[in-house]
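Accompanying notes for the structure given below.
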Amino acid sequence: MSNQPIIIVDHLTKQFKTAAEPSVRCISLAVKQNEIFGLLGPNGAGKTTTISMLCGLFPPSSGSITINGYNLQQNSNAVKQIIGVVPQDIALYPTLTGRENLQFFGHMYGLKGKELDVKVDVWLEKLGLTAKANHKVTEYSGGMKRRINLITGILHSPKVLFLDEPTVGVDVQSRTVIIERLKELNTEGTTIIYTSHHMEEAEHFCTRVSIIDQGKILAEDEPKALINTYPGSKNLEDVFLHLTKRKLRD
């Protein structure tokens, strides 16, 4: 694995006009090439806001983001060509078939012709969707929608992939297939930035994690190193609860 950071976040802050407090408070981090980097935190911790800024969906209030050598604020078009985004909310056209959705999103990423057709077929097969490829998305189960949603963000073989809760609300079988395919994508050279509430999944999936709460980074390291750092912790969930406490979040 290269030690060269592909993502550098420097003193990133986001203050929404309607909010009393910043959603993200002066965070800095560096993600190495080919890492699977987990951004973990309770509801309202600032995970999705951070991911959204890294994807260029809205600008930071202050601070800078550099992806693959490009300053995101100054070179957003160059960055968008090399990233893939899989949002937490299902972003599909329900009246189109699974295949039609993938064709549409593939065109948006600049794919066309035989190359697009082959990529669509390959990923439908990898995620067990070939048999239902020509059915409308309205007929899909939650797990099937989640898998199609994933494919829309990886069809173009992005250099960097942002995943916001990619396995939320799916059964164990779908979750297992999604994680396996993401690991394959990572071994082929894609750097992954991932948010999740599933601590056990993150512990085994991520090469490194950052635990965030109230818009601040509380700890960052390899999962095993974090577990060893906090006495009495048997797993990443123990570390998470130790740092973020047990107060309920809504």
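Within each chain, counting starts at residue 1; across the structure tokens, chains are named A, B, ... in the order shown, with ligands numbered 1 upward in that order.
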
Selection: 10 Å around A:Thr187, only C-alpha atoms, excl. self and same-chain fewer than 6 positions, as a PyMOL selection string: chain A and resi 34-35+181

Given the selection you just returned, output its residues as a file containing N, CA and C atoms, formatted as a PDB file, in the first residue's frame.
ATOM      1  N   ASN A  34      -5.443   3.562  -1.772  1.00  0.00           N
ATOM      2  CA  ASN A  34      -5.864   2.170  -1.645  1.00  0.00           C
ATOM      3  C   ASN A  34      -6.268   1.775  -0.225  1.00  0.00           C
ATOM      4  N   GLU A  35      -6.503   2.752   0.631  1.00  0.00           N
ATOM      5  CA  GLU A  35      -7.048   2.465   1.955  1.00  0.00           C
ATOM      6  C   GLU A  35      -8.549   2.206   1.872  1.00  0.00           C
ATOM      7  N   ARG A 181     -17.706  -7.551  -2.610  1.00  0.00           N
ATOM      8  CA  ARG A 181     -17.443  -6.887  -3.887  1.00  0.00           C
ATOM      9  C   ARG A 181     -16.663  -5.591  -3.682  1.00  0.00           C
TER      10      ARG A 181
END

Selection: 10 Å around A:Lys183, only C-alpha atoms, excl. self and same-chain fewer than 3 positions, as a list in words: Ile36, Val177, Ile178, Ile179, Glu180, Asn186, Thr187, Glu188, Thr190, Ile192, Phe205 and Cys206 of chain A

Residues near stretch 159-175 of chain A, cut-off 7 Å, only C-alpha atoms, skip fewer than 5 positions along chain, as a ChimeraX atom specification: /A:48,82-88,142-143,190-196

Alpha helix (DSSP H) residues, from DSSP on the backbone, in stretch 5-196 of chain A, as an NGL selection string: :A and (47-54 or 76-80 or 98-108 or 113-126 or 142-154 or 172-187)

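Minimum atom-to-atom distances from A:Pro158, A:Pro5, A:Gly56, A:Pro42 to A:Gly106 were compared using only C-alpha atoms, and the lowest value belongs to A:Pro158.
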
Atomic separation - atom CA of A:Asp213 relative to atom CA of A:Tyr230, Å: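 Separation between atom CA of A:Tyr230 and atom CA of A:Asp213: 17.3 Å.
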
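Interatomic distance, atom CA of A:Ala30 against atom CA of A:Gly63: 13.6 Å.
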
Distance criterion (only C-alpha atoms): nearest to A:Ala225 out of A:Lys119, A:Arg208, A:Lys114, A:Lys132: A:Arg208
